[in-house]
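The structure appears right after this line, and notes come after that.
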Amino acid sequence: MRQHKPEKSEISIVDIAEALGVSAATVSRALNDNPRISEATRKRVKEKAEELGYRHNSMASSLRNKRSNIIGMIVPRISMYFHAIFITALQNRLQDEGYSLMICQSNDSESIEQKLASTLYSSRVDALVVSLALYTENYKHFEGFTKQNIPLIFYDRVPTKDFDAHIIKGDDYRGGLLAGNHLVETGCTKVAYISGPLSCSIYKERTEGFFHALGKANIKLNKKWCFYQELTAENAWNSLRQIFAEKDKPDGIFASNDTTALAAVEFAREQGIKIPDDLKIIGYSNDPRASIISPPVTTIDQHPVEMASRVAQKLIDLLKDRSLRAINHTQEIVPVTLVRRMTT
């Protein structure tokens with residue numbers, strides 16, 4: 001019968017110390033670049049550690065120091081343009097301050113989001129940054145962070161009800177208002193609207209701003225031209241087919257993301273609809289694709305780098321000064337701008 005070799009145990013600083021004939025304390029200090037240890041000894045210890053396959057146990061260190069220097073992050077989808085730019089900017093800033101970012105993706109699932117929040121809490125992250133899943137309306141899975149006074153910041157998609165956390169979001173109400181006003185100013189009187197689900201803060205606020213703009217201009221929306229759904233290209237095409245199957249046609253479309261606006265441009269081209277003469281289109285996010293399609297799409301810029309900068313600064317302030325955590329939680333709103341292109 002074949003014998004199985006026992007698995008080799010994890011190499012510890014004690015093993016390195018024994019191999020070099022020094023104390024475990026010396027090894028620990030050398031690995032952490034303590035100036036009390038000579039450069040020659042530090043070099044010798046690190047070479048031996050690499051030779052033996054030693055791995056630093058950051059979890060054990062965090063238990064001793066009560067800090068992990070890791071910031072947890074939950075995003076809906078990393079592939080989304082806004083979040084991709086935001087994550088890059090946030091990570092660059094936090095790295096400069098000595099923090100690492102542990103990025104998790106909820107795939108817009110509340111149940112996955114709940115599991116991720118629990119995992120990050122158990123991993124003893126120093127803080128948590130979250131953009132909520134589309135249909136999350138219960139925030140109980142984040143209460144562990146607030147009860148333990150662990151910094152918690154919601155950005156972009158934030159709670160629609162009061163919750164004990166810092167909020168940094170875009171001015172989505174103004175974004176919807178800008179879109180509505182612009183369509184009115186360019187002569188639109190029959191407007192279609194394709195939005196995300198109103199359970200999500202950004203779509204709720206964009207809708208409120210957009211409706212306000214149309215209301216001021218006494219323009220009534222045809223309910224058959226309004227859709228509240230996940231903003232995929234497939235859903236956009238299905239909605240556009242329903243809208244343009246009607247005898248009466250819209251002369252303007254506000255799409256609550258650029259994926260939908262791009263689909264509208266392609267749909268119009270397929271149907272022989274002239275843009276912007278017969279149909280004007282506004283998107284949201286300022287995805288680079290919006291500037292290279294023909295014609296380039298008018299959109300709302302959310303300024304993800306600016307939002308990331310504000311989130312990073314708030315995190316750094318809270319982590320450096322624990323007394324700030326006792327102060328009432330704050331809300332910051334990042335301005336948005338209309339970027340006019342050839343579709344209006």
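In the structure tokens, each chain is lettered A, B, ... as it comes, each chain's residues begin at 1, and ligands are numbered from 1 in order of appearance.
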Using only C-alpha atoms, which residues sit within 7 Å of stretch 97-106 of chain A once same-chain residues fewer than 3 positions away are excluded, as a list in words?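 Result of the neighbour search: Asn69, Ile70, Ile71, Gly72, Met73, Ile74, Val75, Pro76, Arg77, Ile78, Gln91, Arg93, Leu94, Ser109, Ile112, Glu113 and Ala133 of chain A.
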Residues from the last selection, all heavy atoms, saved as a CSV table (one decimal), in the first residue's frame:
```
chain,number,residue,atom,x,y,z
A,69,ASN,N,-4.5,47.2,7.4
A,69,ASN,CA,-4.1,48.1,6.3
A,69,ASN,C,-4.8,47.7,5.0
A,69,ASN,O,-4.3,47.9,3.9
A,69,ASN,CB,-2.6,48.2,6.1
A,69,ASN,CG,-2.0,49.0,7.2
A,69,ASN,OD1,-2.6,49.8,7.8
A,69,ASN,ND2,-0.7,48.7,7.5
A,70,ILE,N,-5.9,47.0,5.1
A,70,ILE,CA,-6.7,46.6,3.9
A,70,ILE,C,-8.1,47.3,4.0
A,70,ILE,O,-8.8,47.2,5.0
A,70,ILE,CB,-6.9,45.1,3.9
A,70,ILE,CG1,-5.5,44.4,3.7
A,70,ILE,CG2,-7.8,44.7,2.7
A,70,ILE,CD1,-5.6,42.9,3.8
A,71,ILE,N,-8.5,47.9,2.9
A,71,ILE,CA,-9.8,48.5,2.7
A,71,ILE,C,-10.7,47.5,1.9
A,71,ILE,O,-10.3,47.1,0.8
A,71,ILE,CB,-9.8,49.8,2.0
A,71,ILE,CG1,-8.7,50.8,2.7
A,71,ILE,CG2,-11.1,50.5,2.0
A,71,ILE,CD1,-9.0,51.1,4.1
A,72,GLY,N,-11.8,47.1,2.4
A,72,GLY,CA,-12.7,46.2,1.6
A,72,GLY,C,-13.6,47.1,0.7
A,72,GLY,O,-13.9,48.2,1.0
A,73,MET,N,-13.9,46.5,-0.4
A,73,MET,CA,-14.7,47.2,-1.4
A,73,MET,C,-15.7,46.3,-2.1
A,73,MET,O,-15.3,45.2,-2.5
A,73,MET,CB,-13.8,47.9,-2.4
A,73,MET,CG,-14.6,48.7,-3.5
A,73,MET,SD,-13.5,49.6,-4.6
A,73,MET,CE,-14.6,50.8,-5.3
A,74,ILE,N,-17.0,46.7,-2.2
A,74,ILE,CA,-18.0,45.9,-2.9
A,74,ILE,C,-18.6,46.8,-4.0
A,74,ILE,O,-19.1,47.8,-3.7
A,74,ILE,CB,-19.1,45.4,-1.9
A,74,ILE,CG1,-18.6,44.6,-0.8
A,74,ILE,CG2,-20.1,44.6,-2.7
A,74,ILE,CD1,-19.6,44.2,0.3
A,75,VAL,N,-18.4,46.3,-5.2
A,75,VAL,CA,-19.0,47.0,-6.4
A,75,VAL,C,-20.0,46.1,-7.1
A,75,VAL,O,-19.9,44.9,-7.0
A,75,VAL,CB,-17.8,47.4,-7.3
A,75,VAL,CG1,-16.8,48.3,-6.6
A,75,VAL,CG2,-17.1,46.2,-7.9
A,76,PRO,N,-20.9,46.7,-7.9
A,76,PRO,CA,-21.9,45.9,-8.6
A,76,PRO,C,-21.2,45.1,-9.7
A,76,PRO,O,-21.4,43.9,-9.8
A,76,PRO,CB,-22.8,46.9,-9.2
A,76,PRO,CG,-22.6,48.2,-8.4
A,76,PRO,CD,-21.2,48.2,-8.0
A,77,ARG,N,-20.5,45.8,-10.6
A,77,ARG,CA,-19.8,45.1,-11.7
A,77,ARG,C,-18.5,45.8,-12.0
A,77,ARG,O,-18.5,47.0,-12.3
A,77,ARG,CB,-20.6,45.0,-12.9
A,77,ARG,CG,-21.9,44.1,-12.7
A,77,ARG,CD,-22.7,44.0,-14.0
A,77,ARG,NE,-24.0,43.4,-13.8
A,77,ARG,CZ,-24.2,42.1,-13.6
A,77,ARG,NH1,-23.3,41.3,-13.7
A,77,ARG,NH2,-25.5,41.7,-13.4
A,78,ILE,N,-17.4,45.1,-11.9
A,78,ILE,CA,-16.1,45.8,-12.2
A,78,ILE,C,-16.0,46.2,-13.7
A,78,ILE,O,-15.3,47.2,-14.0
A,78,ILE,CB,-14.9,44.8,-11.9
A,78,ILE,CG1,-14.9,44.5,-10.4
A,78,ILE,CG2,-13.6,45.4,-12.3
A,78,ILE,CD1,-14.0,43.4,-9.9
A,91,GLN,N,-7.7,53.1,-5.8
A,91,GLN,CA,-6.6,52.2,-5.4
A,91,GLN,C,-5.3,53.0,-5.5
A,91,GLN,O,-4.4,52.8,-4.6
A,91,GLN,CB,-6.5,51.0,-6.4
A,91,GLN,CG,-5.4,50.1,-6.1
A,91,GLN,CD,-5.5,48.8,-6.9
A,91,GLN,OE1,-6.3,48.0,-6.6
A,91,GLN,NE2,-4.6,48.6,-7.9
A,93,ARG,N,-4.7,56.1,-5.0
A,93,ARG,CA,-4.6,57.1,-3.9
A,93,ARG,C,-4.3,56.3,-2.6
A,93,ARG,O,-3.5,56.7,-1.7
A,93,ARG,CB,-5.9,57.9,-3.8
A,93,ARG,CG,-5.9,58.8,-2.6
A,93,ARG,CD,-4.9,60.0,-2.7
A,93,ARG,NE,-4.7,60.7,-1.5
A,93,ARG,CZ,-5.6,61.6,-1.0
A,93,ARG,NH1,-6.7,61.9,-1.7
A,93,ARG,NH2,-5.4,62.2,0.1
A,94,LEU,N,-5.0,55.2,-2.3
A,94,LEU,CA,-4.9,54.4,-1.1
A,94,LEU,C,-3.5,53.8,-1.0
A,94,LEU,O,-2.9,53.7,0.1
A,94,LEU,CB,-6.0,53.4,-1.0
A,94,LEU,CG,-7.4,53.9,-0.8
A,94,LEU,CD1,-8.4,52.8,-0.8
A,94,LEU,CD2,-7.5,54.7,0.5
A,109,SER,N,-26.2,41.3,-7.2
A,109,SER,CA,-27.1,40.4,-6.5
A,109,SER,C,-27.0,40.8,-5.0
A,109,SER,O,-25.9,40.8,-4.4
A,109,SER,CB,-26.5,39.0,-6.6
A,109,SER,OG,-27.0,38.1,-5.6
A,112,ILE,N,-25.4,37.9,-2.9
A,112,ILE,CA,-24.0,37.8,-3.0
A,112,ILE,C,-23.4,39.0,-2.2
A,112,ILE,O,-22.4,38.8,-1.5
A,112,ILE,CB,-23.5,37.9,-4.4
A,112,ILE,CG1,-23.9,36.6,-5.2
A,112,ILE,CG2,-22.0,38.1,-4.5
A,112,ILE,CD1,-23.6,36.6,-6.6
A,113,GLU,N,-24.0,40.2,-2.3
A,113,GLU,CA,-23.5,41.3,-1.5
A,113,GLU,C,-23.5,41.1,0.0
A,113,GLU,O,-22.6,41.4,0.7
A,113,GLU,CB,-24.5,42.5,-1.8
A,113,GLU,CG,-24.1,43.8,-1.2
A,113,GLU,CD,-25.1,44.9,-1.5
A,113,GLU,OE1,-26.2,45.0,-0.8
A,113,GLU,OE2,-24.9,45.6,-2.5
A,133,ALA,N,-25.9,46.9,-4.8
A,133,ALA,CA,-26.6,46.2,-5.9
A,133,ALA,C,-27.9,46.8,-6.3
A,133,ALA,O,-28.5,47.6,-5.5
A,133,ALA,CB,-26.8,44.7,-5.5
```
For stretch 148-164 of chain A, find every residue with an atom within 10 Å (counting only C-alpha atoms), except residues of its own chain fewer than 6 positions away, and show them as a ChimeraX atom specification. /A:71-76,82-83,121,124-134,136-140,142,170-172,198-205,302,304,307-308,310-312,314-316,318-319,322,324-326,328-334
Would you save the residues from that selection as an mmCIF file, in the first residue's frame, using C-alpha atoms?
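For reference, part-v4.cif as written:
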```
data_model
loop_
_atom_site.group_PDB
_atom_site.id
_atom_site.type_symbol
_atom_site.label_atom_id
_atom_site.label_comp_id
_atom_site.auth_asym_id
_atom_site.auth_seq_id
_atom_site.Cartn_x
_atom_site.Cartn_y
_atom_site.Cartn_z
ATOM 1 C CA ILE A 71 -9.816 48.456 2.723
ATOM 2 C CA GLY A 72 -12.714 46.238 1.644
ATOM 3 C CA MET A 73 -14.745 47.220 -1.394
ATOM 4 C CA ILE A 74 -17.993 45.888 -2.881
ATOM 5 C CA VAL A 75 -18.955 47.006 -6.392
ATOM 6 C CA PRO A 76 -21.867 45.907 -8.610
ATOM 7 C CA PHE A 82 -17.753 54.290 -14.081
ATOM 8 C CA HIS A 83 -16.649 51.698 -11.518
ATOM 9 C CA TYR A 121 -16.072 41.835 8.122
ATOM 10 C CA ARG A 124 -10.967 42.378 9.621
ATOM 11 C CA VAL A 125 -10.708 45.039 6.937
ATOM 12 C CA ASP A 126 -9.983 48.497 8.334
ATOM 13 C CA ALA A 127 -12.876 50.080 6.415
ATOM 14 C CA LEU A 128 -15.504 49.265 3.796
ATOM 15 C CA VAL A 129 -16.497 51.098 0.591
ATOM 16 C CA VAL A 130 -19.736 50.016 -1.100
ATOM 17 C CA SER A 131 -21.784 50.757 -4.193
ATOM 18 C CA LEU A 132 -25.041 48.870 -3.691
ATOM 19 C CA ALA A 133 -26.562 46.186 -5.892
ATOM 20 C CA LEU A 134 -29.560 47.214 -8.013
ATOM 21 C CA THR A 136 -30.739 46.235 -2.297
ATOM 22 C CA GLU A 137 -33.191 47.985 0.012
ATOM 23 C CA ASN A 138 -32.245 46.282 3.309
ATOM 24 C CA TYR A 139 -28.863 47.266 4.733
ATOM 25 C CA LYS A 140 -28.769 44.987 7.779
ATOM 26 C CA PHE A 142 -23.632 46.307 6.966
ATOM 27 C CA GLY A 170 -23.060 62.064 -7.787
ATOM 28 C CA ASP A 171 -25.677 64.766 -8.259
ATOM 29 C CA ASP A 172 -28.016 62.406 -10.074
ATOM 30 C CA LEU A 198 -36.261 52.834 -9.078
ATOM 31 C CA SER A 199 -35.127 50.694 -6.118
ATOM 32 C CA CYS A 200 -31.656 52.034 -6.935
ATOM 33 C CA SER A 201 -30.801 55.533 -5.697
ATOM 34 C CA ILE A 202 -29.139 56.800 -8.877
ATOM 35 C CA TYR A 203 -32.113 55.947 -11.108
ATOM 36 C CA LYS A 204 -34.629 57.202 -8.584
ATOM 37 C CA GLU A 205 -32.912 60.601 -8.446
ATOM 38 C CA GLN A 302 -20.272 61.717 -13.497
ATOM 39 C CA PRO A 304 -15.588 59.177 -11.252
ATOM 40 C CA MET A 307 -15.666 60.933 -6.562
ATOM 41 C CA ALA A 308 -12.812 58.480 -5.887
ATOM 42 C CA ARG A 310 -13.339 62.363 -2.124
ATOM 43 C CA VAL A 311 -13.920 58.786 -0.952
ATOM 44 C CA ALA A 312 -10.178 58.257 -0.477
ATOM 45 C CA LYS A 314 -12.727 60.607 3.763
ATOM 46 C CA LEU A 315 -11.291 57.122 4.389
ATOM 47 C CA ILE A 316 -7.847 58.468 5.189
ATOM 48 C CA LEU A 318 -11.363 58.467 9.415
ATOM 49 C CA LEU A 319 -8.535 55.935 9.638
ATOM 50 C CA ARG A 322 -10.606 57.723 15.304
ATOM 51 C CA LEU A 324 -13.827 61.669 13.697
ATOM 52 C CA ARG A 325 -15.854 58.453 13.710
ATOM 53 C CA ALA A 326 -17.952 59.734 16.593
ATOM 54 C CA ASN A 328 -22.325 62.641 12.682
ATOM 55 C CA HIS A 329 -22.039 60.938 9.347
ATOM 56 C CA THR A 330 -21.695 63.207 6.350
ATOM 57 C CA GLN A 331 -23.025 63.377 2.807
ATOM 58 C CA GLU A 332 -21.062 64.803 -0.107
ATOM 59 C CA ILE A 333 -22.437 65.394 -3.582
ATOM 60 C CA VAL A 334 -20.123 65.369 -6.596
#
```
Option closest in space to A:Arg241, from A:Ala40, A:Val339, A:Ile168, A:Ala264 [counting only C-alpha atoms]: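 Smallest distance to A:Arg241 is found for A:Ala264.
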Pick from A:Leu120, A:Thr298, A:Tyr135, A:Ile219 nearest to A:Pro197, counting only C-alpha atoms: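 Nearest to A:Pro197: A:Tyr135.
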Name the residues of stretch 83-189 of chain A that come out as strand (DSSP E) in a backbone DSSP run; write them as a PyMOL selection string. chain A and resi 100-105+127-130+152-155+166-170
Identify, with DSSP run on backbone atoms, the residues in stretch 217-261 of chain A assigned to helix (DSSP H, G or I), and express the list as a list in words.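 The residues of stretch 217-261 of chain A classed as helix (DSSP H, G or I) are Lys223, Lys224, Trp225, Ala233, Glu234, Asn235, Ala236, Trp237, Asn238, Ser239, Leu240, Arg241, Gln242, Ile243, Phe244, Ala245, Asp258, Thr259, Thr260 and Ala261 of chain A.
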In terms of only C-alpha atoms, the residue from A:Ala268, A:Ala24, A:Ile85, A:Leu231 at minimal distance from A:Pro288 is A:Ile85
For A:Thr344, the closest of A:Ile13, A:Cys188, A:Ala217, A:Ala84 counting only C-alpha atoms is A:Cys188
Would you list the contacts of A:Thr207 as a list in words, taking every protein, DNA or RNA residue within 8 Å and counting only C-alpha atoms, but skipping same-chain residues closer than 3 positions in sequence?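 Residues near the query, excluding close chain neighbours: Tyr173, Gly176, Ser195, Tyr203, Lys204, Phe210 and Phe211 of chain A.
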Written selection (C-alpha atoms) as a PDB file, in the first residue's frame:
```pdb
ATOM      1  CA  TYR A 173     -31.058  64.643  -9.586  1.00  0.00           C
ATOM      2  CA  GLY A 176     -31.676  64.118 -14.839  1.00  0.00           C
ATOM      3  CA  SER A 195     -34.232  54.081 -16.780  1.00  0.00           C
ATOM      4  CA  TYR A 203     -32.113  55.947 -11.108  1.00  0.00           C
ATOM      5  CA  LYS A 204     -34.629  57.202  -8.584  1.00  0.00           C
ATOM      6  CA  PHE A 210     -35.835  64.458 -15.464  1.00  0.00           C
ATOM      7  CA  PHE A 211     -39.541  64.553 -14.622  1.00  0.00           C
TER       8      PHE A 211
END
```
Quick one, how far is atom CA of A:Lys48 from atom CA of A:Asn32?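 Separation between atom CA of A:Lys48 and atom CA of A:Asn32: 14.5 Å.
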Contacts of stretch 142-192 of chain A with stretch 250-261 of chain A up to 6 Å, shortest pair per row, only C-alpha atoms, as JSON lines:
```
{"residue": "A:Cys188", "atom": "CA", "partner": "A:Gly252", "partner_atom": "CA", "distance": 5.7}
{"residue": "A:Lys190", "atom": "CA", "partner": "A:Pro250", "partner_atom": "CA", "distance": 4.8}
{"residue": "A:Val191", "atom": "CA", "partner": "A:Gly252", "partner_atom": "CA", "distance": 4.7}
{"residue": "A:Ala192", "atom": "CA", "partner": "A:Ile253", "partner_atom": "CA", "distance": 4.7}
```
